[in-house]
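S.K.: Dropping in model-v9.cif, which is mmCIF, N, CA and C atoms:
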```cif
data_input
loop_
_atom_site.label_atom_id
_atom_site.label_comp_id
_atom_site.auth_asym_id
_atom_site.auth_seq_id
_atom_site.Cartn_x
_atom_site.Cartn_y
_atom_site.Cartn_z
N MET A 1 0.82 -1.19 0.00
CA MET A 1 0.00 0.00 0.00
C MET A 1 0.87 1.26 0.00
N LEU A 2 2.02 1.22 0.64
CA LEU A 2 2.90 2.38 0.66
C LEU A 2 3.30 2.79 -0.75
N ALA A 3 3.50 1.81 -1.62
CA ALA A 3 3.91 2.10 -3.00
C ALA A 3 2.86 2.92 -3.74
N GLU A 4 1.59 2.74 -3.43
CA GLU A 4 0.52 3.52 -4.07
C GLU A 4 0.74 5.01 -3.87
N PHE A 5 1.31 5.37 -2.74
CA PHE A 5 1.52 6.77 -2.40
C PHE A 5 2.94 7.24 -2.69
N GLY A 6 3.80 6.34 -3.17
CA GLY A 6 5.18 6.72 -3.44
C GLY A 6 6.04 6.79 -2.20
N ILE A 7 5.59 6.14 -1.14
CA ILE A 7 6.34 6.15 0.12
C ILE A 7 7.34 4.99 0.11
N PRO A 8 8.62 5.28 0.32
CA PRO A 8 9.60 4.20 0.34
C PRO A 8 9.35 3.24 1.50
N ARG A 9 9.60 1.96 1.26
CA ARG A 9 9.37 0.95 2.30
C ARG A 9 10.25 1.18 3.53
N ASP A 10 11.42 1.76 3.31
CA ASP A 10 12.35 1.98 4.42
C ASP A 10 12.15 3.36 5.07
N ASN A 11 10.92 3.87 5.04
CA ASN A 11 10.66 5.18 5.63
C ASN A 11 10.80 5.10 7.15
N ARG A 12 10.96 6.27 7.76
CA ARG A 12 11.16 6.32 9.22
C ARG A 12 9.86 6.57 9.96
N ILE A 13 8.75 6.54 9.28
CA ILE A 13 7.48 6.86 9.90
C ILE A 13 6.79 5.58 10.34
N GLU A 14 6.26 5.59 11.55
CA GLU A 14 5.51 4.44 12.05
C GLU A 14 4.02 4.71 11.82
N PHE A 15 3.36 3.80 11.13
CA PHE A 15 1.94 3.94 10.86
C PHE A 15 1.17 3.11 11.86
N PHE A 16 0.00 3.62 12.25
CA PHE A 16 -0.83 2.94 13.23
C PHE A 16 -2.16 2.54 12.60
N GLN A 17 -2.75 1.51 13.14
CA GLN A 17 -4.07 1.07 12.73
C GLN A 17 -4.92 1.01 13.99
N GLY A 18 -6.09 1.66 13.95
CA GLY A 18 -6.97 1.63 15.10
C GLY A 18 -7.46 0.22 15.41
N LYS A 19 -7.49 -0.14 16.70
CA LYS A 19 -7.97 -1.46 17.10
C LYS A 19 -9.49 -1.54 17.03
N GLY A 20 -10.11 -0.45 17.40
CA GLY A 20 -11.56 -0.46 17.44
C GLY A 20 -12.08 -0.88 18.80
N CYS A 21 -13.34 -0.57 19.01
CA CYS A 21 -14.00 -0.90 20.27
C CYS A 21 -15.51 -0.90 20.00
N PRO A 22 -16.30 -1.34 20.95
CA PRO A 22 -17.75 -1.34 20.72
C PRO A 22 -18.30 0.06 20.39
N ALA A 23 -17.71 1.12 20.99
CA ALA A 23 -18.22 2.48 20.76
C ALA A 23 -18.06 2.91 19.30
N CYS A 24 -17.01 2.42 18.61
CA CYS A 24 -16.78 2.81 17.22
C CYS A 24 -17.12 1.67 16.26
N HIS A 25 -17.79 0.66 16.77
CA HIS A 25 -18.17 -0.52 15.98
C HIS A 25 -16.94 -1.19 15.36
N TYR A 26 -15.84 -1.18 16.12
CA TYR A 26 -14.58 -1.83 15.75
C TYR A 26 -13.98 -1.28 14.45
N SER A 27 -14.25 -0.01 14.16
CA SER A 27 -13.67 0.60 12.96
C SER A 27 -12.35 1.30 13.27
N GLY A 28 -12.13 1.68 14.52
CA GLY A 28 -10.94 2.44 14.88
C GLY A 28 -11.13 3.93 14.71
N PHE A 29 -12.31 4.35 14.26
CA PHE A 29 -12.60 5.77 14.04
C PHE A 29 -13.72 6.23 14.96
N SER A 30 -13.64 7.48 15.36
CA SER A 30 -14.70 8.08 16.15
C SER A 30 -14.93 9.49 15.62
N GLY A 31 -16.11 9.78 15.18
CA GLY A 31 -16.40 11.09 14.62
C GLY A 31 -15.96 11.18 13.16
N ARG A 32 -15.97 12.39 12.63
CA ARG A 32 -15.60 12.60 11.24
C ARG A 32 -14.66 13.79 11.13
N LEU A 33 -13.70 13.67 10.25
CA LEU A 33 -12.79 14.76 9.93
C LEU A 33 -12.78 14.91 8.41
N PRO A 34 -12.90 16.14 7.93
CA PRO A 34 -12.90 16.32 6.47
C PRO A 34 -11.48 16.28 5.90
N ILE A 35 -11.36 15.74 4.72
CA ILE A 35 -10.13 15.83 3.93
C ILE A 35 -10.54 16.64 2.71
N VAL A 36 -10.13 17.91 2.69
CA VAL A 36 -10.65 18.82 1.67
C VAL A 36 -9.54 19.68 1.07
N GLU A 37 -9.88 20.26 -0.06
CA GLU A 37 -9.08 21.31 -0.66
C GLU A 37 -9.91 22.59 -0.57
N LEU A 38 -9.29 23.66 -0.16
CA LEU A 38 -9.99 24.93 -0.10
C LEU A 38 -9.28 25.91 -1.02
N TRP A 39 -10.05 26.52 -1.90
CA TRP A 39 -9.48 27.47 -2.84
C TRP A 39 -10.38 28.68 -2.96
N ILE A 40 -9.86 29.81 -2.56
CA ILE A 40 -10.52 31.09 -2.80
C ILE A 40 -9.61 31.81 -3.79
N PRO A 41 -10.04 31.89 -5.05
CA PRO A 41 -9.15 32.42 -6.09
C PRO A 41 -8.75 33.88 -5.85
N ASN A 42 -7.48 34.14 -6.11
CA ASN A 42 -7.02 35.52 -6.06
C ASN A 42 -7.18 36.14 -7.46
N ARG A 43 -6.80 37.38 -7.61
CA ARG A 43 -7.02 38.10 -8.87
C ARG A 43 -6.33 37.40 -10.04
N GLU A 44 -5.07 37.01 -9.87
CA GLU A 44 -4.32 36.35 -10.95
C GLU A 44 -4.97 35.03 -11.35
N GLU A 45 -5.47 34.30 -10.37
CA GLU A 45 -6.11 33.02 -10.68
C GLU A 45 -7.43 33.23 -11.42
N LEU A 46 -8.16 34.27 -11.07
CA LEU A 46 -9.40 34.59 -11.79
C LEU A 46 -9.09 34.95 -13.24
N LEU A 47 -8.01 35.69 -13.46
CA LEU A 47 -7.61 36.03 -14.83
C LEU A 47 -7.23 34.76 -15.61
N LEU A 48 -6.56 33.84 -14.93
CA LEU A 48 -6.20 32.57 -15.57
C LEU A 48 -7.46 31.79 -15.96
N ILE A 49 -8.44 31.75 -15.09
CA ILE A 49 -9.69 31.05 -15.38
C ILE A 49 -10.34 31.62 -16.63
N ASN A 50 -10.28 32.94 -16.79
CA ASN A 50 -10.86 33.57 -17.98
C ASN A 50 -10.19 33.12 -19.27
N ARG A 51 -8.96 32.62 -19.17
CA ARG A 51 -8.24 32.12 -20.35
C ARG A 51 -8.53 30.64 -20.62
N SER A 52 -9.42 30.04 -19.83
CA SER A 52 -9.86 28.64 -19.99
C SER A 52 -8.69 27.64 -20.02
N PRO A 53 -7.91 27.60 -18.94
CA PRO A 53 -6.80 26.64 -18.91
C PRO A 53 -7.32 25.21 -18.73
N ASP A 54 -6.47 24.23 -19.06
CA ASP A 54 -6.87 22.85 -18.77
C ASP A 54 -6.75 22.63 -17.26
N ASN A 55 -7.35 21.57 -16.77
CA ASN A 55 -7.40 21.28 -15.34
C ASN A 55 -6.01 21.19 -14.71
N LEU A 56 -5.09 20.52 -15.38
CA LEU A 56 -3.74 20.34 -14.83
C LEU A 56 -3.03 21.69 -14.66
N THR A 57 -3.14 22.54 -15.66
CA THR A 57 -2.51 23.87 -15.58
C THR A 57 -3.08 24.65 -14.41
N LEU A 58 -4.39 24.64 -14.28
CA LEU A 58 -5.04 25.38 -13.19
C LEU A 58 -4.61 24.83 -11.83
N ARG A 59 -4.61 23.51 -11.67
CA ARG A 59 -4.21 22.89 -10.40
C ARG A 59 -2.76 23.21 -10.06
N ASN A 60 -1.89 23.22 -11.09
CA ASN A 60 -0.48 23.53 -10.84
C ASN A 60 -0.30 24.94 -10.31
N VAL A 61 -1.10 25.87 -10.79
CA VAL A 61 -1.03 27.25 -10.30
C VAL A 61 -1.65 27.36 -8.91
N VAL A 62 -2.83 26.81 -8.76
CA VAL A 62 -3.57 26.95 -7.50
C VAL A 62 -2.84 26.27 -6.34
N PHE A 63 -2.26 25.11 -6.59
CA PHE A 63 -1.63 24.36 -5.51
C PHE A 63 -0.11 24.38 -5.57
N ALA A 64 0.45 25.41 -6.21
CA ALA A 64 1.90 25.58 -6.19
C ALA A 64 2.35 25.82 -4.76
N GLU A 65 3.56 25.39 -4.44
CA GLU A 65 4.05 25.56 -3.06
C GLU A 65 4.01 27.01 -2.62
N ALA A 66 4.27 27.93 -3.54
CA ALA A 66 4.27 29.36 -3.20
C ALA A 66 2.88 29.83 -2.77
N ALA A 67 1.83 29.15 -3.25
CA ALA A 67 0.46 29.54 -2.89
C ALA A 67 0.12 29.15 -1.46
N GLY A 68 0.82 28.15 -0.93
CA GLY A 68 0.59 27.74 0.45
C GLY A 68 -0.68 26.95 0.70
N ARG A 69 -1.30 26.43 -0.37
CA ARG A 69 -2.54 25.65 -0.22
C ARG A 69 -2.19 24.16 -0.23
N LEU A 70 -3.04 23.38 0.43
CA LEU A 70 -2.84 21.93 0.48
C LEU A 70 -3.81 21.22 -0.46
N THR A 71 -3.31 20.22 -1.16
CA THR A 71 -4.19 19.35 -1.95
C THR A 71 -4.86 18.38 -0.97
N MET A 72 -5.84 17.64 -1.46
CA MET A 72 -6.50 16.65 -0.61
C MET A 72 -5.50 15.64 -0.06
N ILE A 73 -4.58 15.19 -0.90
CA ILE A 73 -3.63 14.18 -0.44
C ILE A 73 -2.70 14.76 0.63
N GLU A 74 -2.30 16.02 0.48
CA GLU A 74 -1.44 16.64 1.49
C GLU A 74 -2.21 16.84 2.80
N ALA A 75 -3.45 17.26 2.71
CA ALA A 75 -4.29 17.41 3.91
C ALA A 75 -4.48 16.05 4.58
N GLY A 76 -4.68 15.02 3.76
CA GLY A 76 -4.84 13.66 4.29
C GLY A 76 -3.60 13.17 5.00
N PHE A 77 -2.42 13.49 4.45
CA PHE A 77 -1.18 13.06 5.09
C PHE A 77 -0.93 13.79 6.40
N ARG A 78 -1.43 14.99 6.53
CA ARG A 78 -1.34 15.68 7.81
C ARG A 78 -2.19 14.96 8.85
N LEU A 79 -3.37 14.52 8.44
CA LEU A 79 -4.23 13.75 9.36
C LEU A 79 -3.60 12.40 9.68
N LEU A 80 -2.97 11.79 8.69
CA LEU A 80 -2.29 10.52 8.90
C LEU A 80 -1.16 10.68 9.90
N GLN A 81 -0.38 11.73 9.73
CA GLN A 81 0.74 12.01 10.63
C GLN A 81 0.25 12.20 12.07
N ALA A 82 -0.90 12.83 12.21
CA ALA A 82 -1.45 13.08 13.54
C ALA A 82 -2.11 11.83 14.14
N GLY A 83 -2.22 10.76 13.34
CA GLY A 83 -2.86 9.54 13.83
C GLY A 83 -4.37 9.59 13.74
N ASP A 84 -4.91 10.53 12.96
CA ASP A 84 -6.35 10.71 12.86
C ASP A 84 -6.99 9.96 11.70
N THR A 85 -6.19 9.35 10.82
CA THR A 85 -6.74 8.56 9.72
C THR A 85 -5.73 7.49 9.33
N THR A 86 -6.06 6.69 8.34
CA THR A 86 -5.19 5.59 7.91
C THR A 86 -4.92 5.70 6.42
N LEU A 87 -3.90 4.96 5.97
CA LEU A 87 -3.61 4.90 4.53
C LEU A 87 -4.80 4.35 3.77
N GLU A 88 -5.47 3.36 4.33
CA GLU A 88 -6.64 2.77 3.68
C GLU A 88 -7.72 3.82 3.45
N GLU A 89 -7.94 4.67 4.45
CA GLU A 89 -8.96 5.70 4.34
C GLU A 89 -8.58 6.73 3.27
N LEU A 90 -7.30 7.07 3.20
CA LEU A 90 -6.86 8.00 2.15
C LEU A 90 -7.11 7.40 0.76
N LEU A 91 -6.80 6.14 0.59
CA LEU A 91 -7.07 5.48 -0.70
C LEU A 91 -8.55 5.49 -1.04
N ARG A 92 -9.38 5.39 -0.02
CA ARG A 92 -10.82 5.34 -0.24
C ARG A 92 -11.40 6.70 -0.64
N VAL A 93 -10.90 7.79 -0.03
CA VAL A 93 -11.58 9.07 -0.22
C VAL A 93 -10.89 10.05 -1.16
N VAL A 94 -9.59 9.91 -1.36
CA VAL A 94 -8.87 10.85 -2.24
C VAL A 94 -8.93 10.32 -3.67
N PRO A 95 -9.32 11.16 -4.63
CA PRO A 95 -9.34 10.71 -6.02
C PRO A 95 -7.97 10.18 -6.45
N TYR A 96 -7.99 9.03 -7.13
CA TYR A 96 -6.74 8.35 -7.46
C TYR A 96 -5.82 9.21 -8.33
N GLU A 97 -6.40 10.02 -9.22
CA GLU A 97 -5.54 10.86 -10.05
C GLU A 97 -4.75 11.86 -9.20
N GLN A 98 -5.29 12.25 -8.04
CA GLN A 98 -4.55 13.13 -7.14
C GLN A 98 -3.44 12.37 -6.41
N ILE A 99 -3.70 11.11 -6.12
CA ILE A 99 -2.65 10.30 -5.50
C ILE A 99 -1.50 10.14 -6.49
N GLU A 100 -1.84 9.81 -7.74
CA GLU A 100 -0.80 9.67 -8.77
C GLU A 100 -0.02 10.96 -8.95
N ALA A 101 -0.73 12.07 -9.04
CA ALA A 101 -0.09 13.36 -9.26
C ALA A 101 0.75 13.80 -8.06
N GLY A 102 0.40 13.34 -6.87
CA GLY A 102 1.10 13.77 -5.66
C GLY A 102 2.20 12.85 -5.19
N ARG A 103 2.46 11.75 -5.90
CA ARG A 103 3.46 10.77 -5.43
C ARG A 103 4.83 11.40 -5.19
N GLU A 104 5.29 12.21 -6.12
CA GLU A 104 6.63 12.80 -5.98
C GLU A 104 6.69 13.71 -4.76
N LYS A 105 5.67 14.52 -4.58
CA LYS A 105 5.62 15.43 -3.45
C LYS A 105 5.54 14.65 -2.12
N ILE A 106 4.76 13.57 -2.12
CA ILE A 106 4.62 12.75 -0.91
C ILE A 106 5.96 12.10 -0.57
N ALA A 107 6.62 11.55 -1.59
CA ALA A 107 7.91 10.90 -1.36
C ALA A 107 8.92 11.88 -0.77
N LYS A 108 8.90 13.14 -1.25
CA LYS A 108 9.82 14.15 -0.71
C LYS A 108 9.55 14.41 0.76
N ARG A 109 8.29 14.35 1.16
CA ARG A 109 7.96 14.58 2.57
C ARG A 109 8.56 13.50 3.46
N PHE A 110 8.76 12.30 2.92
CA PHE A 110 9.30 11.21 3.72
C PHE A 110 10.82 11.17 3.70
N GLU A 111 11.43 12.05 2.89
CA GLU A 111 12.89 12.16 2.90
C GLU A 111 13.35 12.97 4.09
N THR A 112 12.48 13.87 4.58
CA THR A 112 12.79 14.70 5.73
C THR A 112 11.72 14.44 6.80
N PRO A 113 12.01 14.71 8.05
CA PRO A 113 11.01 14.46 9.09
C PRO A 113 9.74 15.28 8.84
N LEU A 114 8.60 14.65 9.04
CA LEU A 114 7.32 15.35 8.91
C LEU A 114 7.11 16.23 10.13
N THR A 115 6.55 17.40 9.90
CA THR A 115 6.18 18.27 11.00
C THR A 115 4.75 18.67 10.85
N SER A 116 4.14 19.10 11.91
CA SER A 116 2.75 19.51 11.83
C SER A 116 2.62 20.98 11.47
N GLU A 117 3.74 21.65 11.27
CA GLU A 117 3.71 23.06 10.90
C GLU A 117 3.45 23.19 9.40
N PRO A 118 2.69 24.24 8.98
CA PRO A 118 2.43 24.43 7.55
C PRO A 118 3.67 24.80 6.78
#
```
Can you give me the file's structure in the form of structure tokens?
M.R.:
Amino acid sequence: MLAEFGIPRDNRIEFFQGKGCPACHYSGFSGRLPIVELWIPNREELLLINRSPDNLTLRNVVFAEAAGRLTMIEAGFRLLQAGDTTLEELLRVVPYEQIEAGREKIAKRFETPLTSEP
């Protein structure tokens, strides 16, 4: 499963799986947390939209590192790091094309220690 996300097998991160209990119906989860992308376009992005870019071009601009926004997969990995979700749940809810597109970025995060800071 790690390979789906581009995570090297010899990573230094310990992943956990919830045991479950009667209160959570043995799922290991309690409550709900959203894994979302939030985008409020700025002026330059609105001008780009007027030029009718393809989806990939628009996503590359909107979610460039300089923009400081997180993709769904990046938001999901923050929840994973905090122990609030699992790899299985990320595979279930994040569109696969975003997982494919984010593999390189995800792999880079595992080359250096993960932090909870933005």
S.K.: So how far away is CA of Ile35 in chain A from CA of Thr71 in chain A, in Å?
M.R.: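 Computing the Euclidean distance for CA of Thr71 in chain A and CA of Ile35 in chain A yields 9.1 Å.
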S.K.: Which of these, A:Ser27, A:Glu45, A:Glu89, A:Gly20, has the shortest distance to Val62 in chain A once you count all atoms listed in the file?
M.R.: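 Among the listed residues, A:Glu45 lies closest to Val62 in chain A.
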S.K.: Taking into account only C-alpha atoms, which residue in the set A:Pro53, A:Lys108, A:Gly76, A:Tyr26 is nearest to Glu88 in chain A?
M.R.: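 Using only C-alpha atoms, Glu88 in chain A sits closest to A:Gly76.
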S.K.: Enter the distance from atom C of Asn55 in chain A to atom N of Gln98 in chain A, in Å, rounded to one decimal.
M.R.: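 So the answer is 11.2 Å.
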S.K.: Could you pull out the helix (DSSP H, G or I) residues of range 11-83 of chain A from DSSP and send them as a tab-separated table (two decimals) with N, CA and C atoms, in the coordinates of the input?
M.R.:
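Okay, selection12.tsv is ready:
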```tsv
chain	number	residue	atom	x	y	z
A	22	PRO	N	-16.30	-1.34	20.95
A	22	PRO	CA	-17.75	-1.34	20.72
A	22	PRO	C	-18.30	0.06	20.39
A	23	ALA	N	-17.71	1.12	20.99
A	23	ALA	CA	-18.22	2.48	20.76
A	23	ALA	C	-18.06	2.91	19.30
A	24	CYS	N	-17.01	2.42	18.61
A	24	CYS	CA	-16.78	2.81	17.22
A	24	CYS	C	-17.12	1.67	16.26
A	43	ARG	N	-6.80	37.38	-7.61
A	43	ARG	CA	-7.02	38.10	-8.87
A	43	ARG	C	-6.33	37.40	-10.04
A	44	GLU	N	-5.07	37.01	-9.87
A	44	GLU	CA	-4.32	36.35	-10.95
A	44	GLU	C	-4.97	35.03	-11.35
A	45	GLU	N	-5.47	34.30	-10.37
A	45	GLU	CA	-6.11	33.02	-10.68
A	45	GLU	C	-7.43	33.23	-11.42
A	46	LEU	N	-8.16	34.27	-11.07
A	46	LEU	CA	-9.40	34.59	-11.79
A	46	LEU	C	-9.09	34.95	-13.24
A	47	LEU	N	-8.01	35.69	-13.46
A	47	LEU	CA	-7.61	36.03	-14.83
A	47	LEU	C	-7.23	34.76	-15.61
A	48	LEU	N	-6.56	33.84	-14.93
A	48	LEU	CA	-6.20	32.57	-15.57
A	48	LEU	C	-7.46	31.79	-15.96
A	49	ILE	N	-8.44	31.75	-15.09
A	49	ILE	CA	-9.69	31.05	-15.38
A	49	ILE	C	-10.34	31.62	-16.63
A	50	ASN	N	-10.28	32.94	-16.79
A	50	ASN	CA	-10.86	33.57	-17.98
A	50	ASN	C	-10.19	33.12	-19.27
A	55	ASN	N	-7.35	21.57	-16.77
A	55	ASN	CA	-7.40	21.28	-15.34
A	55	ASN	C	-6.01	21.19	-14.71
A	56	LEU	N	-5.09	20.52	-15.38
A	56	LEU	CA	-3.74	20.34	-14.83
A	56	LEU	C	-3.03	21.69	-14.66
A	57	THR	N	-3.14	22.54	-15.66
A	57	THR	CA	-2.51	23.87	-15.58
A	57	THR	C	-3.08	24.65	-14.41
A	58	LEU	N	-4.39	24.64	-14.28
A	58	LEU	CA	-5.04	25.38	-13.19
A	58	LEU	C	-4.61	24.83	-11.83
A	59	ARG	N	-4.61	23.51	-11.67
A	59	ARG	CA	-4.21	22.89	-10.40
A	59	ARG	C	-2.76	23.21	-10.06
A	60	ASN	N	-1.89	23.22	-11.09
A	60	ASN	CA	-0.48	23.53	-10.84
A	60	ASN	C	-0.30	24.94	-10.31
A	61	VAL	N	-1.10	25.87	-10.79
A	61	VAL	CA	-1.03	27.25	-10.30
A	61	VAL	C	-1.65	27.36	-8.91
A	62	VAL	N	-2.83	26.81	-8.76
A	62	VAL	CA	-3.57	26.95	-7.50
A	62	VAL	C	-2.84	26.27	-6.34
A	65	GLU	N	3.56	25.39	-4.44
A	65	GLU	CA	4.05	25.56	-3.06
A	65	GLU	C	4.01	27.01	-2.62
A	66	ALA	N	4.27	27.93	-3.54
A	66	ALA	CA	4.27	29.36	-3.20
A	66	ALA	C	2.88	29.83	-2.77
A	67	ALA	N	1.83	29.15	-3.25
A	67	ALA	CA	0.46	29.54	-2.89
A	67	ALA	C	0.12	29.15	-1.46
A	72	MET	N	-5.84	17.64	-1.46
A	72	MET	CA	-6.50	16.65	-0.61
A	72	MET	C	-5.50	15.64	-0.06
A	73	ILE	N	-4.58	15.19	-0.90
A	73	ILE	CA	-3.63	14.18	-0.44
A	73	ILE	C	-2.70	14.76	0.63
A	74	GLU	N	-2.30	16.02	0.48
A	74	GLU	CA	-1.44	16.64	1.49
A	74	GLU	C	-2.21	16.84	2.80
A	75	ALA	N	-3.45	17.26	2.71
A	75	ALA	CA	-4.29	17.41	3.91
A	75	ALA	C	-4.48	16.05	4.58
A	76	GLY	N	-4.68	15.02	3.76
A	76	GLY	CA	-4.84	13.66	4.29
A	76	GLY	C	-3.60	13.17	5.00
A	77	PHE	N	-2.42	13.49	4.45
A	77	PHE	CA	-1.18	13.06	5.09
A	77	PHE	C	-0.93	13.79	6.40
A	78	ARG	N	-1.43	14.99	6.53
A	78	ARG	CA	-1.34	15.68	7.81
A	78	ARG	C	-2.19	14.96	8.85
A	79	LEU	N	-3.37	14.52	8.44
A	79	LEU	CA	-4.23	13.75	9.36
A	79	LEU	C	-3.60	12.40	9.68
A	80	LEU	N	-2.97	11.79	8.69
A	80	LEU	CA	-2.29	10.52	8.90
A	80	LEU	C	-1.16	10.68	9.90
A	81	GLN	N	-0.38	11.73	9.73
A	81	GLN	CA	0.74	12.01	10.63
A	81	GLN	C	0.25	12.20	12.07
```
S.K.: Restricting the calculation to only C-alpha atoms, which member of A:Pro22, A:Asn60, A:Ile73, A:Glu100 is positioned closest to Leu87 in chain A?
M.R.: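 Nearest to Leu87 in chain A: A:Ile73.
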S.K.: Between atom C of Arg51 in chain A and atom N of Phe63 in chain A, what is the distance in Å, rounded to a tenth?
M.R.: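 Going from atom C of Arg51 in chain A over to atom N of Phe63 in chain A covers 16.3 Å.
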S.K.: Out of A:Phe77, A:Met72, A:Ala82, A:Ala107, which residue has the shortest atom-to-atom distance to Pro95 in chain A when counting only N, CA and C atoms?
M.R.: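 Using only N, CA and C atoms, Pro95 in chain A sits closest to A:Met72.
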S.K.: Which residues, written as an MDAnalysis selection string, have at least one atom at most 12 Å from Thr85 in chain A, with only C-alpha atoms counted and residues fewer than 3 positions away on the same chain left out?
M.R.: chainID A and resid 15:18 27:35 75:82 88:93
S.K.: Could you check which of A:Gly6, A:Gly68, A:Gly83, A:Pro41 is closest to Ile99 in chain A, using only N, CA and C atoms?
M.R.: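 The shortest atom-to-atom distance to Ile99 in chain A comes from A:Gly6.
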